[in-house]
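Raw contents of work_11.tsv, TSV, C-alpha atoms:
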```
chain	number	residue	atom	x	y	z
A	1	MET	CA	103.36	96.56	76.31
A	2	GLY	CA	100.23	96.16	74.16
A	3	THR	CA	96.64	96.40	75.30
A	4	ARG	CA	96.27	92.65	75.75
A	5	LYS	CA	99.52	92.33	77.71
A	6	SER	CA	98.57	95.31	79.86
A	7	SER	CA	95.23	93.68	80.71
A	8	ILE	CA	96.99	90.41	81.55
A	9	ALA	CA	99.50	92.23	83.78
A	10	ILE	CA	96.71	93.98	85.69
A	11	GLY	CA	94.83	90.71	86.05
A	12	LEU	CA	97.92	88.92	87.35
A	13	VAL	CA	98.62	91.59	89.96
A	14	PHE	CA	95.01	91.52	91.16
A	15	ALA	CA	95.17	87.71	91.25
A	16	ALA	CA	98.33	87.90	93.37
A	17	THR	CA	96.56	90.31	95.73
A	18	LEU	CA	93.61	87.95	96.05
A	19	LEU	CA	96.01	85.08	96.75
A	20	ILE	CA	97.69	87.05	99.55
A	21	VAL	CA	94.26	87.86	101.00
A	22	LEU	CA	93.32	84.17	101.00
A	23	VAL	CA	96.66	83.08	102.46
A	24	GLY	CA	96.28	85.74	105.12
A	25	LEU	CA	93.09	84.05	106.29
A	26	LEU	CA	95.17	81.07	107.41
A	27	PHE	CA	97.64	82.80	109.69
A	28	GLY	CA	97.34	84.76	112.90
A	29	ALA	CA	97.39	84.14	116.63
A	30	ARG	CA	95.51	80.95	115.75
A	31	THR	CA	96.45	79.18	112.51
A	32	LEU	CA	93.62	77.71	110.47
A	33	SER	CA	93.75	74.88	107.97
A	34	ILE	CA	92.89	75.39	104.31
A	35	ASP	CA	89.87	73.13	104.68
A	36	ALA	CA	88.55	75.13	107.62
A	37	VAL	CA	88.98	78.45	105.78
A	38	LEU	CA	87.24	77.19	102.65
A	39	ARG	CA	84.42	75.73	104.72
A	40	VAL	CA	83.66	78.93	106.63
A	41	LEU	CA	84.07	81.10	103.54
A	42	PHE	CA	81.25	79.33	101.76
A	43	ALA	CA	79.22	78.32	104.82
A	44	PRO	CA	79.71	80.66	107.81
A	45	ASP	CA	78.52	78.98	110.99
A	46	GLY	CA	79.24	81.56	113.70
A	47	LYS	CA	81.90	79.42	115.37
A	48	ILE	CA	85.42	80.55	116.23
A	49	GLU	CA	86.85	79.80	112.77
A	50	SER	CA	84.05	81.72	111.12
A	51	ILE	CA	84.58	84.70	113.44
A	52	LEU	CA	88.32	84.71	112.77
A	53	VAL	CA	87.78	84.69	109.00
A	54	TRP	CA	84.74	86.92	108.53
A	55	THR	CA	85.11	89.35	111.45
A	56	LEU	CA	88.86	89.70	112.01
A	57	ARG	CA	90.95	88.71	109.00
A	58	LEU	CA	88.97	89.15	105.79
A	59	PRO	CA	87.76	92.74	106.36
A	60	ARG	CA	91.22	93.98	107.38
A	61	SER	CA	92.86	92.35	104.34
A	62	LEU	CA	90.29	93.86	101.98
A	63	ALA	CA	90.69	97.22	103.72
A	64	ALA	CA	94.45	96.99	103.15
A	65	ALA	CA	93.92	96.25	99.45
A	66	VAL	CA	91.46	99.12	98.99
A	67	ALA	CA	93.69	101.53	100.91
A	68	GLY	CA	96.72	100.52	98.86
A	69	SER	CA	94.98	101.08	95.56
A	70	GLY	CA	93.71	104.48	96.69
A	71	LEU	CA	97.08	105.68	97.98
A	72	ALA	CA	98.82	104.48	94.82
A	73	VAL	CA	96.41	106.35	92.54
A	74	SER	CA	96.72	109.40	94.79
A	75	GLY	CA	100.47	109.36	94.25
A	76	TYR	CA	99.99	108.89	90.51
A	77	LEU	CA	97.68	111.90	90.29
A	78	LEU	CA	100.03	114.11	92.29
A	79	GLN	CA	102.97	113.08	90.10
A	80	ALA	CA	100.99	113.72	86.92
A	81	LEU	CA	99.64	117.02	88.18
A	82	THR	CA	103.07	118.35	89.11
A	83	ARG	CA	105.04	116.37	86.47
A	84	ASN	CA	107.30	115.55	89.39
A	85	PRO	CA	108.49	111.97	89.99
A	86	LEU	CA	109.04	112.59	93.71
A	87	ALA	CA	105.46	113.68	94.43
A	88	ASP	CA	103.31	111.47	96.66
A	89	PRO	CA	100.84	112.06	99.52
A	90	GLY	CA	103.54	111.79	102.16
A	91	ILE	CA	106.26	113.84	100.51
A	92	THR	CA	103.93	116.63	99.39
A	93	GLY	CA	102.53	117.06	102.90
A	94	VAL	CA	99.05	115.80	102.01
A	95	THR	CA	99.16	112.94	104.51
A	96	ALA	CA	100.41	115.13	107.35
A	97	GLY	CA	97.77	117.71	106.42
A	98	ALA	CA	95.05	115.07	106.69
A	99	VAL	CA	96.35	113.50	109.90
A	100	ALA	CA	97.02	116.63	111.99
A	101	PRO	CA	93.44	118.01	112.03
A	102	ILE	CA	92.02	114.53	112.64
A	103	VAL	CA	94.24	114.16	115.70
A	104	GLY	CA	93.22	117.66	116.76
A	105	CYS	CA	89.54	116.77	116.53
A	106	PHE	CA	90.11	113.52	118.44
A	107	VAL	CA	91.94	115.25	121.29
A	108	LEU	CA	90.30	118.68	121.50
A	109	LEU	CA	86.80	117.88	120.17
A	110	PRO	CA	85.97	114.42	121.53
A	111	TRP	CA	82.26	115.07	120.86
A	112	PHE	CA	82.97	115.50	117.14
A	113	SER	CA	81.71	112.46	115.21
A	114	SER	CA	84.39	110.33	113.53
A	115	ALA	CA	82.04	110.04	110.54
A	116	TYR	CA	83.19	113.53	109.57
A	117	TYR	CA	86.90	112.77	109.88
A	118	PRO	CA	87.32	112.16	106.12
A	119	PHE	CA	85.98	115.65	105.42
A	120	VAL	CA	88.37	117.08	108.00
A	121	GLY	CA	91.22	115.12	106.40
A	122	LEU	CA	90.20	116.32	102.94
A	123	ALA	CA	90.28	119.98	104.00
A	124	GLY	CA	93.60	119.54	105.79
A	125	GLY	CA	95.17	117.61	102.90
A	126	LEU	CA	94.10	120.20	100.34
A	127	ALA	CA	95.42	123.04	102.50
A	128	ALA	CA	98.76	121.30	103.04
A	129	ALA	CA	99.08	120.54	99.32
A	130	TRP	CA	98.36	124.15	98.43
A	131	VAL	CA	101.04	125.41	100.85
A	132	THR	CA	103.56	122.85	99.55
A	133	PHE	CA	102.96	123.76	95.90
A	134	TRP	CA	103.10	127.46	96.76
A	135	VAL	CA	106.43	127.06	98.53
A	136	ALA	CA	107.71	124.96	95.62
A	137	ARG	CA	106.56	127.57	93.08
A	138	GLY	CA	103.45	125.68	92.07
A	139	GLY	CA	105.20	122.34	92.01
A	140	THR	CA	106.87	123.12	88.69
A	141	GLY	CA	110.40	123.44	90.04
A	142	ARG	CA	112.98	120.72	90.42
A	143	PRO	CA	111.79	117.49	92.08
A	144	LEU	CA	113.97	118.06	95.13
A	145	HIS	CA	112.44	121.54	95.49
A	146	LEU	CA	108.98	120.03	95.86
A	147	ALA	CA	110.30	117.30	98.16
A	148	LEU	CA	111.98	119.84	100.46
A	149	ALA	CA	108.85	121.99	100.53
A	150	GLY	CA	106.71	118.96	101.36
A	151	VAL	CA	109.09	117.77	104.07
A	152	SER	CA	109.05	121.25	105.62
A	153	VAL	CA	105.25	121.32	105.68
A	154	SER	CA	105.13	117.75	107.03
A	155	LEU	CA	107.59	118.57	109.82
A	156	PHE	CA	105.57	121.62	110.85
A	157	LEU	CA	102.32	119.65	110.91
A	158	GLY	CA	104.11	116.75	112.62
A	159	ALA	CA	105.16	119.08	115.43
A	160	ILE	CA	101.53	120.13	115.86
A	161	THR	CA	100.49	116.47	115.92
A	162	ILE	CA	103.09	115.65	118.59
A	163	TYR	CA	101.82	118.55	120.71
A	164	MET	CA	98.30	117.13	120.40
A	165	LEU	CA	99.63	113.75	121.51
A	166	LEU	CA	101.08	115.35	124.63
A	167	LEU	CA	97.66	116.75	125.40
A	168	ALA	CA	95.98	113.38	124.80
A	169	GLY	CA	97.30	111.81	128.00
A	170	PRO	CA	96.32	108.14	128.35
A	171	GLN	CA	94.91	108.11	124.81
A	172	SER	CA	98.33	108.84	123.33
A	173	THR	CA	99.30	105.15	123.14
A	174	ALA	CA	96.39	104.29	120.86
A	175	LEU	CA	97.04	107.40	118.78
A	176	LEU	CA	100.72	106.51	118.41
A	177	PHE	CA	99.86	103.07	117.02
A	178	TRP	CA	97.34	104.65	114.64
A	179	LEU	CA	99.96	107.17	113.52
A	180	SER	CA	102.27	104.28	112.63
A	181	GLY	CA	99.72	103.08	110.09
A	182	GLY	CA	97.90	99.78	110.38
A	183	PHE	CA	94.71	97.80	109.91
A	184	ALA	CA	94.48	95.93	113.21
A	185	GLY	CA	90.90	95.57	114.35
A	186	ARG	CA	89.46	97.04	111.16
A	187	THR	CA	85.95	95.83	110.39
A	188	TRP	CA	83.47	95.85	107.53
A	189	SER	CA	82.19	99.24	108.67
A	190	HIS	CA	85.68	100.73	108.32
A	191	LEU	CA	85.89	99.30	104.81
A	192	VAL	CA	82.50	100.74	103.91
A	193	HIS	CA	83.47	104.19	105.22
A	194	MET	CA	86.73	104.15	103.26
A	195	LEU	CA	85.45	102.73	99.98
A	196	PRO	CA	83.58	105.79	98.58
A	197	TRP	CA	86.59	108.05	99.03
A	198	VAL	CA	88.99	105.62	97.41
A	199	GLY	CA	86.46	104.85	94.68
A	200	LEU	CA	86.07	108.54	93.90
A	201	GLY	CA	89.82	108.92	93.41
A	202	VAL	CA	90.34	105.75	91.37
A	203	VAL	CA	87.23	105.99	89.20
A	204	GLY	CA	87.75	109.71	88.73
A	205	ALA	CA	91.33	109.16	87.59
A	206	LEU	CA	90.28	106.44	85.14
A	207	SER	CA	87.49	108.65	83.79
A	208	LEU	CA	89.88	111.57	83.23
A	209	HIS	CA	92.78	109.55	81.82
A	210	ARG	CA	92.86	111.66	78.63
A	211	VAL	CA	93.14	114.89	80.62
A	212	ILE	CA	95.87	113.33	82.79
A	213	ALA	CA	97.78	112.25	79.67
A	214	MET	CA	97.74	115.85	78.41
A	215	PHE	CA	98.99	117.14	81.76
A	216	ALA	CA	102.02	114.86	81.35
A	217	LEU	CA	103.22	117.09	78.51
A	218	SER	CA	103.32	120.71	79.68
A	219	ASP	CA	100.89	123.41	80.70
A	220	HIS	CA	101.32	125.16	77.35
A	221	ALA	CA	100.79	121.95	75.37
A	222	ALA	CA	97.76	120.97	77.46
A	223	ALA	CA	96.24	124.44	77.08
A	224	GLY	CA	96.88	124.27	73.34
A	225	MET	CA	94.87	121.04	73.21
A	226	GLY	CA	91.91	122.73	74.86
A	227	VAL	CA	92.47	121.70	78.50
A	228	GLN	CA	91.14	124.32	80.92
A	229	LEU	CA	94.05	124.38	83.35
A	230	HIS	CA	92.34	126.55	85.98
A	231	PHE	CA	89.49	124.04	86.15
A	232	TRP	CA	91.23	120.68	85.81
A	233	LYS	CA	94.18	121.32	88.14
A	234	PRO	CA	91.96	121.75	91.23
A	235	VAL	CA	89.83	118.79	90.12
A	236	LEU	CA	92.86	116.48	89.82
A	237	LEU	CA	94.22	117.73	93.14
A	238	LEU	CA	90.85	117.02	94.79
A	239	LEU	CA	90.79	113.52	93.30
A	240	GLY	CA	94.35	112.97	94.51
A	241	VAL	CA	93.56	114.00	98.08
A	242	CYS	CA	90.22	112.13	98.41
A	243	PRO	CA	91.77	108.64	98.86
A	244	VAL	CA	94.11	109.98	101.55
A	245	ALA	CA	91.17	111.61	103.33
A	246	GLY	CA	89.32	108.28	103.32
A	247	VAL	CA	92.27	106.08	104.29
A	248	ALA	CA	93.81	108.26	107.02
A	249	PRO	CA	90.94	107.99	109.56
A	250	VAL	CA	90.90	104.20	109.14
A	251	ALA	CA	94.56	103.24	108.84
A	252	GLY	CA	96.55	106.34	109.72
A	253	PRO	CA	99.47	107.39	107.51
A	254	VAL	CA	100.81	104.57	105.30
A	255	ALA	CA	104.07	105.75	103.81
A	256	PHE	CA	105.67	105.49	100.36
A	257	VAL	CA	102.92	103.52	98.58
A	258	GLY	CA	101.98	106.55	96.49
A	259	LEU	CA	105.61	107.08	95.55
A	260	ALA	CA	106.62	103.54	94.68
A	261	ALA	CA	103.54	102.06	92.97
A	262	PRO	CA	103.34	104.53	90.03
A	263	HIS	CA	107.04	104.07	89.24
A	264	ILE	CA	106.77	100.28	89.34
A	265	ALA	CA	103.77	100.51	87.01
A	266	ARG	CA	105.71	102.71	84.56
A	267	LEU	CA	108.61	100.26	84.51
A	268	LEU	CA	106.18	97.68	83.07
A	269	ARG	CA	105.27	100.16	80.27
A	270	PRO	CA	101.49	99.59	80.07
A	271	SER	CA	99.55	100.63	76.99
A	272	GLY	CA	98.12	104.10	77.60
A	273	THR	CA	97.33	106.21	80.63
A	274	ALA	CA	94.17	104.31	81.59
A	275	PHE	CA	96.06	101.01	81.82
A	276	GLU	CA	98.84	102.77	83.72
A	277	ILE	CA	96.37	104.05	86.32
A	278	ALA	CA	94.72	100.64	86.66
A	279	LEU	CA	98.09	98.91	87.00
A	280	THR	CA	99.18	101.47	89.59
A	281	ALA	CA	96.04	100.75	91.63
A	282	ALA	CA	96.64	97.01	91.38
A	283	ILE	CA	100.28	97.31	92.46
A	284	GLY	CA	99.33	99.55	95.38
A	285	ALA	CA	96.74	97.02	96.55
A	286	LEU	CA	99.32	94.22	96.34
A	287	MET	CA	101.97	96.24	98.21
A	288	VAL	CA	99.78	97.14	101.18
A	289	THR	CA	98.17	93.70	101.35
A	290	CYS	CA	101.62	92.09	101.48
A	291	ALA	CA	102.78	94.65	104.06
A	292	ASP	CA	99.72	93.95	106.23
A	293	PHE	CA	100.30	90.20	105.96
A	294	ILE	CA	103.96	90.60	107.00
A	295	ALA	CA	103.08	92.99	109.81
A	296	ARG	CA	100.67	90.59	111.48
A	297	THR	CA	102.56	87.34	110.95
A	298	ILE	CA	106.27	88.16	111.36
A	299	ALA	CA	106.07	88.54	115.16
A	300	ILE	CA	103.02	86.48	116.20
A	301	PRO	CA	101.29	87.04	118.64
A	302	LYS	CA	102.49	90.65	118.47
A	303	GLU	CA	101.81	92.88	115.49
A	304	LEU	CA	103.90	95.53	113.74
A	305	PRO	CA	102.43	98.71	112.25
A	306	VAL	CA	101.94	98.44	108.49
A	307	GLY	CA	103.48	101.88	108.04
A	308	ILE	CA	106.82	100.52	109.22
A	309	ILE	CA	106.77	97.74	106.62
A	310	THR	CA	105.80	100.04	103.74
A	311	ALA	CA	108.49	102.52	104.81
A	312	LEU	CA	111.09	99.75	104.75
A	313	LEU	CA	109.94	98.82	101.25
A	314	GLY	CA	109.49	102.34	99.89
A	315	GLY	CA	112.46	104.07	101.54
A	316	PRO	CA	115.08	102.43	99.30
A	317	ILE	CA	112.98	103.29	96.23
A	318	PHE	CA	112.88	106.94	97.30
A	319	ILE	CA	116.66	106.98	97.78
A	320	TYR	CA	117.13	105.32	94.39
A	321	LEU	CA	114.97	107.93	92.65
A	322	ILE	CA	116.96	110.76	94.20
A	323	GLN	CA	120.37	109.25	93.44
A	324	ARG	CA	119.38	108.28	89.92
A	325	GLY	CA	118.90	111.96	89.15
A	326	ARG	CA	117.27	111.40	85.76
A	327	VAL	CA	113.81	110.08	86.34
A	328	GLY	CA	110.79	111.44	84.56
A	329	ILE	CA	107.10	111.13	83.87
A	330	LYS	CA	106.03	110.54	80.30
A	331	GLY	CA	109.26	111.73	78.88
A	332	THR	CA	110.01	114.60	81.24
A	333	THR	CA	113.25	114.56	83.18
A	334	ALA	CA	114.20	115.82	86.57
```
Just dump the structure as structure tokens.
Amino acid sequence: MGTRKSSIAIGLVFAATLLIVLVGLLFGARTLSIDAVLRVLFAPDGKIESILVWTLRLPRSLAAAVAGSGLAVSGYLLQALTRNPLADPGITGVTAGAVAPIVGCFVLLPWFSSAYYPFVGLAGGLAAAWVTFWVARGGTGRPLHLALAGVSVSLFLGAITIYMLLLAGPQSTALLFWLSGGFAGRTWSHLVHMLPWVGLGVVGALSLHRVIAMFALSDHAAAGMGVQLHFWKPVLLLLGVCPVAGVAPVAGPVAFVGLAAPHIARLLRPSGTAFEIALTAAIGALMVTCADFIARTIAIPKELPVGIITALLGGPIFIYLIQRGRVGIKGTTA
């Protein structure tokens, strides 16, 4: 796919995401007409239709799109860093590492401000990633080796999270829904809190696309081209964990987006690493926006957690990647 076709593909995916966002403004516990939505979009009047659009539906849809793009790029960075097609925030333990300390702070340190939760999630995600890569011999072993290490770390941290839920008492119901992943009740403030963390990961990945392209070869080849491995590996890992740290306090764990989106982007064969990263972000935004739309409309007036929908979409892709056996990143094979 040439540069022009890559740009068109990215534009089309973003256009599809915007379309889903606009369609999502119509549906909910109260269905709105197209005329009513267009009217309040351009001329908010403070009435019920305006509140439904501007306070309830639009911010949550945009939050879903931003979260999806961040999680997708996070998965892309982890896959490029480890040259492992099965790496993603969930499978490598990063998500569980971010979620467990946040739940611990919520239950054991109720006085601790939620404004610092992203920093807590960042520290936990980095620690979990380090343990996973250490168990998997630095992430350079077979893909299933990394997956098993990540699952082991996730199960351990999941057990700690469940113990915290038992201590939470009446608050456990709200925590359980958050742990399922979702954007119900998310507002503009949630979007603002999440945006810098996702932006850091996405913009950082785009800015370092040449370094990422070199990492896709091998450590020896990258070092031969002048890449300082001891410096850039921690930087890429930090950029990969930042979106998870920003998304987790807002939406909880949203599964499989970081695994599926990069592979879908590679199937389209974009021109160069920068276009591949941008396309991955666009596909991730579309996936989570669609999942959020399905979650809140398939069982009106009830609502399903978004994490369940993304797991149903991403689970078969994960199984396919394992059974396929020969799946690689930039020419590498597993």
**Selection as a ChimeraX atom specification: residues within 12 Å of (85.0, 103.2, 91.1), counting only C-alpha atoms** = /A:66,69-70,73,195-207,243,278,281
**Item:** Pairwise distance for CA of Gly272 (chain A) and CA of Ala16 (chain A), rounded to one decimal in Å
**Value:** 22.6 Å
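Put simply, CA of Gly124 (chain A) is 15.5 Å away from CA of Met164 (chain A).
Between Leu58 (chain A) and the residues A:Leu25, A:Met214, A:Ala251, A:Ala299, the shortest atom-to-atom distance, using all atoms listed in the file, involves A:Leu25.
Residue neighbourhood of Leu22 (chain A), excluding near-sequence residues (fewer than 3 positions): Thr17, Leu18, Leu19, Leu25, Leu26, Val37, Leu58 and Ser61 of chain A, at 9 Å, using only C-alpha atoms.
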Neighbouring residues of Gly181 (chain A) were defined as those with any atom within 8 Å, considering all atoms listed in the file; residues of the same chain fewer than 3 positions away were excluded. Please report them as a PDB file with C-alpha atoms, keeping the file's coordinate frame.
```
ATOM      1  CA  PHE A 177      99.860 103.070 117.020  1.00  0.00           C
ATOM      2  CA  TRP A 178      97.340 104.650 114.640  1.00  0.00           C
ATOM      3  CA  ALA A 251      94.560 103.240 108.840  1.00  0.00           C
ATOM      4  CA  GLY A 252      96.550 106.340 109.720  1.00  0.00           C
ATOM      5  CA  PRO A 253      99.470 107.390 107.510  1.00  0.00           C
ATOM      6  CA  VAL A 254     100.810 104.570 105.300  1.00  0.00           C
ATOM      7  CA  PRO A 305     102.430  98.710 112.250  1.00  0.00           C
ATOM      8  CA  VAL A 306     101.940  98.440 108.490  1.00  0.00           C
ATOM      9  CA  GLY A 307     103.480 101.880 108.040  1.00  0.00           C
ATOM     10  CA  ILE A 308     106.820 100.520 109.220  1.00  0.00           C
TER      11      ILE A 308
END
```
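If you look at CA of Arg60 (chain A) and CA of Leu41 (chain A), they are 15.2 Å away from each other.
The smallest atom-to-atom distance between Val247 (chain A) and any of A:Leu157, A:Leu144, A:Met194, A:Ala123, using all atoms listed in the file, is found for A:Met194.
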Atoms added to region 275-285 of chain A (all heavy atoms), reported as a compact mmCIF listing (two decimals), in the coordinates of the input:
```txt
# COMPACT_ATOMS: atom_id res chain seq x y z
N PHE A 275 95.46 102.27 81.34
CA PHE A 275 96.06 101.01 81.82
C PHE A 275 97.11 101.30 82.88
O PHE A 275 97.28 100.52 83.83
CB PHE A 275 96.67 100.24 80.66
CG PHE A 275 95.67 99.53 79.80
CD1 PHE A 275 95.33 100.03 78.56
CD2 PHE A 275 95.06 98.37 80.24
CE1 PHE A 275 94.39 99.37 77.76
CE2 PHE A 275 94.12 97.71 79.46
CZ PHE A 275 93.79 98.21 78.22
N GLU A 276 97.83 102.41 82.74
CA GLU A 276 98.84 102.77 83.72
C GLU A 276 98.21 103.06 85.07
O GLU A 276 98.73 102.65 86.11
CB GLU A 276 99.61 103.99 83.21
CG GLU A 276 100.93 104.24 83.92
CD GLU A 276 101.76 105.28 83.19
OE1 GLU A 276 101.52 106.49 83.44
OE2 GLU A 276 102.63 104.91 82.39
N ILE A 277 97.08 103.76 85.06
CA ILE A 277 96.37 104.05 86.32
C ILE A 277 95.86 102.76 86.95
O ILE A 277 96.00 102.54 88.16
CB ILE A 277 95.22 105.03 86.06
CG1 ILE A 277 95.76 106.38 85.60
CG2 ILE A 277 94.36 105.21 87.32
CD1 ILE A 277 94.69 107.33 85.09
N ALA A 278 95.25 101.89 86.14
CA ALA A 278 94.72 100.64 86.66
C ALA A 278 95.84 99.76 87.22
O ALA A 278 95.68 99.13 88.28
CB ALA A 278 93.96 99.90 85.57
N LEU A 279 96.96 99.71 86.53
CA LEU A 279 98.09 98.91 87.00
C LEU A 279 98.67 99.49 88.28
O LEU A 279 99.05 98.76 89.20
CB LEU A 279 99.16 98.82 85.92
CG LEU A 279 100.37 97.93 86.22
CD1 LEU A 279 99.93 96.50 86.51
CD2 LEU A 279 101.35 97.96 85.05
N THR A 280 98.72 100.81 88.36
CA THR A 280 99.18 101.47 89.59
C THR A 280 98.29 101.10 90.77
O THR A 280 98.78 100.78 91.86
CB THR A 280 99.19 102.99 89.40
OG1 THR A 280 100.13 103.34 88.37
CG2 THR A 280 99.58 103.70 90.69
N ALA A 281 96.97 101.13 90.56
CA ALA A 281 96.04 100.75 91.63
C ALA A 281 96.24 99.30 92.05
O ALA A 281 96.23 98.98 93.25
CB ALA A 281 94.60 100.97 91.16
N ALA A 282 96.44 98.42 91.08
CA ALA A 282 96.64 97.01 91.38
C ALA A 282 97.93 96.79 92.17
O ALA A 282 97.96 96.02 93.14
CB ALA A 282 96.66 96.20 90.09
N ILE A 283 99.00 97.46 91.76
CA ILE A 283 100.28 97.31 92.46
C ILE A 283 100.18 97.86 93.88
O ILE A 283 100.71 97.27 94.83
CB ILE A 283 101.40 98.00 91.66
CG1 ILE A 283 101.66 97.23 90.36
CG2 ILE A 283 102.69 98.09 92.47
CD1 ILE A 283 102.61 97.93 89.41
N GLY A 284 99.51 99.00 94.04
CA GLY A 284 99.33 99.55 95.38
C GLY A 284 98.57 98.61 96.29
O GLY A 284 98.92 98.43 97.46
N ALA A 285 97.51 97.99 95.76
CA ALA A 285 96.74 97.02 96.55
C ALA A 285 97.62 95.85 96.96
O ALA A 285 97.57 95.38 98.11
CB ALA A 285 95.54 96.54 95.73
```
